[in-house]
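Remarks on the structure that follows.
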Amino acid sequence: MYRESVLDTRHYTDTLFSFTTTRPPSFRFRSGEFVMIGLETDGKPLLRAYSIASPNWADTLEFFSIKVPNGPLTSRLQKVKEGDEIIMNKKPTGTLVLDALLPGKTLYLISTGTGIAPFASIIRDPETYERYERVILTHSCRWVAELQYGFDLMKVIEEDETLREIVGDRLTHFTSVTREDYIHTGRITKLIDDDTLFKEVGEAPWSPDKDRVMICGSTAMIKDVSEACERHGLVEGSNSRPAHFVVEKAFVG
Ligand code: A2P
């Protein structure tokens, strides 16, 4: 188990926060993977799976978390501050990795809530732009305030000269909310089914010859977006059998 120091925390809403930690020099991961992290309580490790939100070239690690009322880990983790220690398993893993997809033209990253975390890593990885002409990140939440992590992430990319040069105009951030008025309202499944998403980003609906999709959100969201992929003829892939789309649950706890 690694023991790392918290460097910074940021609170977005009363249910969402992010934090950065030191990175062990020997720790390697592929953008989009998750790792077990947590706190030691009474000498025992309390761990949950968290997607790594930072890109694999960064010196620090970043995580984006929900605050679960009375959640065994997050009720304590939300209180960490600079200098506190977190523990981390040595082996990252996951299916939301570029290697689990066949080559294609456009990569869609479909997220709800904290499901944006693995994609925060993938959209900052230069390899993503070597493999795809265009990257479309969708983030849907209940409330507008919950979209803030994604807006800040876009700003980080715009303000980083190297990333800005690599990404150029090839990354599109599409947002929607389901419980208040906004430019796009409705679940991402509805916005896929009625072609709003495709019209807004100026692309034809999904097809297996050009589009690849990664999905991260709740169990129900993954099921429904997977079915939408299948209706467009896309086939689910994995590390050992790359195909057109891959899924992973956004971790909570
Ligand atoms: P809704 O407000 O209609 O439930 P959650 O925090 O529950 O995971 O929800 C995050 C976002 O995902 C919300 O906007 C929610 O919409 C949406 N959502 C929940 N279930 C699904 C689903 N099966 N398919 C698509 N979007 C979903």
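Letters for chains follow the order of the structure tokens (A, B, ...), residue numbers begin at 1 for each chain, and ligand numbers begin at 1 in the order shown.
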Exercise. Got a sec to check which residues lie within 12 Å of ligand 1, using only C-alpha atoms and all ligand atoms, and send them as JSON, numbers by chain?
Worked result: {"A": [15, 16, 65, 66, 67, 68, 110, 111, 112, 113, 114, 115, 116, 138, 139, 140, 141, 142, 143, 144, 145, 146, 147, 175, 176, 177, 178, 179, 180, 184, 185, 186, 187, 188, 189, 190, 191, 192, 193, 215, 216, 217, 218, 219, 220, 221, 222, 223, 224, 225, 226, 227, 228, 249, 250, 251, 252]}
Exercise. If you run DSSP on the backbone, which residues of segment 74-118 of chain A are alpha helix (DSSP H), as a PyMOL selection string?
Worked result: chain A and resi 74-77+117-118
Residue selection dump (all heavy atoms) as a short mmCIF file (atom, residue, chain, number, x, y, z; two decimals), in the first residue's frame:
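In the end it all went to part-v6.cif:
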```cif
data_model
loop_
_atom_site.label_atom_id
_atom_site.label_comp_id
_atom_site.auth_asym_id
_atom_site.auth_seq_id
_atom_site.Cartn_x
_atom_site.Cartn_y
_atom_site.Cartn_z
N THR A 74 -16.59 8.18 2.39
CA THR A 74 -16.65 9.58 1.93
C THR A 74 -17.05 10.56 3.02
O THR A 74 -16.71 11.74 2.94
CB THR A 74 -17.58 9.76 0.71
OG1 THR A 74 -18.90 9.38 1.08
CG2 THR A 74 -17.10 8.95 -0.48
N SER A 75 -17.75 10.09 4.05
CA SER A 75 -18.09 11.03 5.13
C SER A 75 -16.80 11.50 5.83
O SER A 75 -16.73 12.60 6.34
CB SER A 75 -19.06 10.40 6.13
OG SER A 75 -18.48 9.24 6.67
N ARG A 76 -15.75 10.66 5.79
CA ARG A 76 -14.47 11.07 6.38
C ARG A 76 -13.55 11.70 5.34
O ARG A 76 -12.83 12.66 5.61
CB ARG A 76 -13.79 9.85 7.01
CG ARG A 76 -14.62 9.26 8.15
CD ARG A 76 -13.85 8.19 8.87
NE ARG A 76 -12.56 8.70 9.32
CZ ARG A 76 -11.45 8.00 9.36
NH1 ARG A 76 -11.45 6.75 8.97
NH2 ARG A 76 -10.34 8.54 9.78
N LEU A 77 -13.57 11.11 4.13
CA LEU A 77 -12.66 11.59 3.08
C LEU A 77 -12.95 13.05 2.72
O LEU A 77 -12.05 13.81 2.39
CB LEU A 77 -12.83 10.69 1.85
CG LEU A 77 -11.75 10.74 0.79
CD1 LEU A 77 -10.37 10.38 1.36
CD2 LEU A 77 -12.09 9.81 -0.37
N ALA A 117 -14.81 11.59 -14.08
CA ALA A 117 -13.42 11.49 -13.58
C ALA A 117 -12.44 10.76 -14.52
O ALA A 117 -11.39 11.31 -14.85
CB ALA A 117 -13.41 10.87 -12.19
N PRO A 118 -12.75 9.53 -14.98
CA PRO A 118 -11.77 8.87 -15.85
C PRO A 118 -11.54 9.64 -17.14
O PRO A 118 -10.44 9.61 -17.71
CB PRO A 118 -12.41 7.50 -16.13
CG PRO A 118 -13.87 7.68 -15.84
CD PRO A 118 -13.95 8.70 -14.74
#
```
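Residue neighbourhood of segment 207-212 of chain A, excluding near-sequence residues (fewer than 4 positions): Leu101, Leu102, Pro103, Gly104, Lys105, Thr106, Leu107, Tyr108, Leu109, Cys229, His232, Gly233, Leu234, Val235, Ala243, His244, Phe245 and Val246 of chain A, at 9 Å, using only C-alpha atoms.
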Problem set entry | Which of A:Ile37, A:Ile123, A:Leu197, A:Ala58 sits closest to Pro25 of chain A [using only C-alpha atoms] | A:Ala58
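Here atom CA of Arg241 of chain A is placed at a distance of 25.0 Å from atom CA of Lys90 of chain A.
Using only C-alpha atoms for every distance, the candidate list A:Glu33, A:Glu230, A:Glu133, A:Glu159 yields A:Glu33 as the residue closest to Phe119 of chain A.
Ranking A:Ile166, A:Met1, A:Val6, A:Leu98 by their shortest atom-to-atom distance to Glu85 of chain A, with only C-alpha atoms included, puts A:Val6 first.
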For this session: One decimal, Å: what's the distance from atom CA of Asp125 of chain A over to atom CA of Ala49 of chain A, could you say?
Result: 21.3 Å
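If you count only C-alpha atoms and ignore residues fewer than 2 places along the chain from Val201 of chain A, what sits within 10 Å of it is Ile136, Thr172, His173, Phe174, Thr196, Leu197, Phe198, Lys199, Glu203 and Ala204 of chain A.
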For this session: Could you give me, as a PyMOL selection string, the residues within 7 Å of Ser18 of chain A, counting only C-alpha atoms and dropping anything in the same chain fewer than 6 positions from it?
Result: chain A and resi 9-11+63-65
Selected residues written out, N, CA and C atoms, as a PDB file, in the first residue's frame:
```pdb
ATOM      1  N   THR A   9      -7.589  20.465  -1.832  1.00  0.00           N
ATOM      2  CA  THR A   9      -8.965  19.961  -1.948  1.00  0.00           C
ATOM      3  C   THR A   9      -9.840  21.074  -2.519  1.00  0.00           C
ATOM      4  N   ARG A  10     -10.901  20.679  -3.198  1.00  0.00           N
ATOM      5  CA  ARG A  10     -11.811  21.666  -3.774  1.00  0.00           C
ATOM      6  C   ARG A  10     -13.242  21.157  -3.609  1.00  0.00           C
ATOM      7  N   HIS A  11     -14.094  21.978  -3.042  1.00  0.00           N
ATOM      8  CA  HIS A  11     -15.486  21.566  -2.832  1.00  0.00           C
ATOM      9  C   HIS A  11     -16.374  22.296  -3.826  1.00  0.00           C
ATOM     10  N   PHE A  63      -8.459  13.093  -7.814  1.00  0.00           N
ATOM     11  CA  PHE A  63      -9.661  12.264  -7.679  1.00  0.00           C
ATOM     12  C   PHE A  63     -10.873  13.179  -7.522  1.00  0.00           C
ATOM     13  N   PHE A  64     -12.021  12.721  -8.051  1.00  0.00           N
ATOM     14  CA  PHE A  64     -13.266  13.500  -7.972  1.00  0.00           C
ATOM     15  C   PHE A  64     -14.284  12.606  -7.275  1.00  0.00           C
ATOM     16  N   SER A  65     -14.870  13.092  -6.214  1.00  0.00           N
ATOM     17  CA  SER A  65     -15.682  12.210  -5.369  1.00  0.00           C
ATOM     18  C   SER A  65     -17.029  12.794  -5.008  1.00  0.00           C
TER      19      SER A  65
END
```
Exercise. Hey, what does DSSP flag as strand (DSSP E or B) within segment 73-159 of chain A? Can you give it to me as number ranges by chain?
Worked result: A: 85-88, 93, 101, 106-112, 134-141
Selection file, N, CA, C and O atoms, as a PDB file, in the first residue's frame:
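Full text of selection.pdb as output:
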```
ATOM      1  N   GLU A  85      -2.931  12.135   5.245  1.00  0.00           N
ATOM      2  CA  GLU A  85      -2.430  10.978   4.509  1.00  0.00           C
ATOM      3  C   GLU A  85      -3.584  10.132   3.977  1.00  0.00           C
ATOM      4  O   GLU A  85      -4.538   9.854   4.702  1.00  0.00           O
ATOM      5  N   ILE A  86      -3.479   9.737   2.722  1.00  0.00           N
ATOM      6  CA  ILE A  86      -4.424   8.739   2.196  1.00  0.00           C
ATOM      7  C   ILE A  86      -3.609   7.486   1.855  1.00  0.00           C
ATOM      8  O   ILE A  86      -2.393   7.568   1.633  1.00  0.00           O
ATOM      9  N   ILE A  87      -4.303   6.349   1.812  1.00  0.00           N
ATOM     10  CA  ILE A  87      -3.611   5.125   1.419  1.00  0.00           C
ATOM     11  C   ILE A  87      -4.107   4.703   0.043  1.00  0.00           C
ATOM     12  O   ILE A  87      -5.233   5.019  -0.347  1.00  0.00           O
ATOM     13  N   MET A  88      -3.249   4.026  -0.695  1.00  0.00           N
ATOM     14  CA  MET A  88      -3.591   3.679  -2.081  1.00  0.00           C
ATOM     15  C   MET A  88      -3.006   2.329  -2.444  1.00  0.00           C
ATOM     16  O   MET A  88      -1.832   2.056  -2.150  1.00  0.00           O
ATOM     17  N   THR A  93      -6.402  -0.527 -12.428  1.00  0.00           N
ATOM     18  CA  THR A  93      -7.001  -1.394 -13.445  1.00  0.00           C
ATOM     19  C   THR A  93      -8.208  -0.689 -14.058  1.00  0.00           C
ATOM     20  O   THR A  93      -8.569   0.407 -13.623  1.00  0.00           O
ATOM     21  N   LEU A 101     -10.506  -0.216 -27.257  1.00  0.00           N
ATOM     22  CA  LEU A 101     -11.327   0.205 -28.403  1.00  0.00           C
ATOM     23  C   LEU A 101     -10.560   0.009 -29.709  1.00  0.00           C
ATOM     24  O   LEU A 101      -9.335   0.197 -29.751  1.00  0.00           O
ATOM     25  N   THR A 106     -14.068   9.349 -34.269  1.00  0.00           N
ATOM     26  CA  THR A 106     -14.545  10.208 -33.181  1.00  0.00           C
ATOM     27  C   THR A 106     -14.716   9.386 -31.911  1.00  0.00           C
ATOM     28  O   THR A 106     -15.310   8.305 -31.947  1.00  0.00           O
ATOM     29  N   LEU A 107     -14.189   9.917 -30.809  1.00  0.00           N
ATOM     30  CA  LEU A 107     -14.325   9.244 -29.512  1.00  0.00           C
ATOM     31  C   LEU A 107     -15.337  10.011 -28.670  1.00  0.00           C
ATOM     32  O   LEU A 107     -15.161  11.205 -28.405  1.00  0.00           O
ATOM     33  N   TYR A 108     -16.419   9.332 -28.261  1.00  0.00           N
ATOM     34  CA  TYR A 108     -17.428   9.922 -27.380  1.00  0.00           C
ATOM     35  C   TYR A 108     -17.184   9.421 -25.958  1.00  0.00           C
ATOM     36  O   TYR A 108     -17.091   8.207 -25.742  1.00  0.00           O
ATOM     37  N   LEU A 109     -17.105  10.350 -25.015  1.00  0.00           N
ATOM     38  CA  LEU A 109     -16.935  10.015 -23.605  1.00  0.00           C
ATOM     39  C   LEU A 109     -18.223  10.447 -22.908  1.00  0.00           C
ATOM     40  O   LEU A 109     -18.478  11.648 -22.766  1.00  0.00           O
ATOM     41  N   ILE A 110     -19.057   9.490 -22.546  1.00  0.00           N
ATOM     42  CA  ILE A 110     -20.403   9.805 -22.041  1.00  0.00           C
ATOM     43  C   ILE A 110     -20.417   9.620 -20.521  1.00  0.00           C
ATOM     44  O   ILE A 110     -20.239   8.497 -20.029  1.00  0.00           O
ATOM     45  N   SER A 111     -20.633  10.722 -19.784  1.00  0.00           N
ATOM     46  CA  SER A 111     -20.569  10.611 -18.325  1.00  0.00           C
ATOM     47  C   SER A 111     -21.761  11.260 -17.652  1.00  0.00           C
ATOM     48  O   SER A 111     -22.349  12.219 -18.160  1.00  0.00           O
ATOM     49  N   THR A 112     -22.105  10.723 -16.458  1.00  0.00           N
ATOM     50  CA  THR A 112     -23.045  11.418 -15.563  1.00  0.00           C
ATOM     51  C   THR A 112     -22.365  11.521 -14.208  1.00  0.00           C
ATOM     52  O   THR A 112     -21.602  10.619 -13.811  1.00  0.00           O
ATOM     53  N   ARG A 134     -11.459  13.579 -33.378  1.00  0.00           N
ATOM     54  CA  ARG A 134     -12.332  14.406 -32.545  1.00  0.00           C
ATOM     55  C   ARG A 134     -12.699  13.682 -31.275  1.00  0.00           C
ATOM     56  O   ARG A 134     -12.893  12.451 -31.297  1.00  0.00           O
ATOM     57  N   VAL A 135     -12.810  14.425 -30.171  1.00  0.00           N
ATOM     58  CA  VAL A 135     -13.196  13.855 -28.878  1.00  0.00           C
ATOM     59  C   VAL A 135     -14.392  14.645 -28.364  1.00  0.00           C
ATOM     60  O   VAL A 135     -14.336  15.877 -28.290  1.00  0.00           O
ATOM     61  N   ILE A 136     -15.470  13.938 -28.036  1.00  0.00           N
ATOM     62  CA  ILE A 136     -16.673  14.610 -27.535  1.00  0.00           C
ATOM     63  C   ILE A 136     -16.968  14.106 -26.131  1.00  0.00           C
ATOM     64  O   ILE A 136     -17.242  12.917 -25.935  1.00  0.00           O
ATOM     65  N   LEU A 137     -16.830  15.015 -25.160  1.00  0.00           N
ATOM     66  CA  LEU A 137     -17.085  14.664 -23.756  1.00  0.00           C
ATOM     67  C   LEU A 137     -18.476  15.152 -23.396  1.00  0.00           C
ATOM     68  O   LEU A 137     -18.761  16.343 -23.496  1.00  0.00           O
ATOM     69  N   THR A 138     -19.358  14.245 -22.980  1.00  0.00           N
ATOM     70  CA  THR A 138     -20.665  14.693 -22.509  1.00  0.00           C
ATOM     71  C   THR A 138     -20.735  14.489 -21.003  1.00  0.00           C
ATOM     72  O   THR A 138     -20.261  13.487 -20.479  1.00  0.00           O
ATOM     73  N   HIS A 139     -21.290  15.477 -20.322  1.00  0.00           N
ATOM     74  CA  HIS A 139     -21.429  15.407 -18.858  1.00  0.00           C
ATOM     75  C   HIS A 139     -22.858  15.837 -18.524  1.00  0.00           C
ATOM     76  O   HIS A 139     -23.254  16.956 -18.851  1.00  0.00           O
ATOM     77  N   SER A 140     -23.607  14.938 -17.905  1.00  0.00           N
ATOM     78  CA  SER A 140     -24.990  15.239 -17.518  1.00  0.00           C
ATOM     79  C   SER A 140     -25.145  15.057 -16.022  1.00  0.00           C
ATOM     80  O   SER A 140     -24.658  14.073 -15.457  1.00  0.00           O
ATOM     81  N   CYS A 141     -25.803  16.035 -15.402  1.00  0.00           N
ATOM     82  CA  CYS A 141     -26.000  16.001 -13.952  1.00  0.00           C
ATOM     83  C   CYS A 141     -27.427  16.432 -13.649  1.00  0.00           C
ATOM     84  O   CYS A 141     -28.149  16.886 -14.529  1.00  0.00           O
TER      85      CYS A 141
END
```
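Candidate residues A:Ser54, A:Thr20, A:Asn89, A:Ser121 were compared for distance to Asp8 of chain A, and the nearest is A:Thr20, using only C-alpha atoms.
Of note, atom CA of Tyr2 of chain A and atom CA of Pro45 of chain A are spaced 11.5 Å apart.
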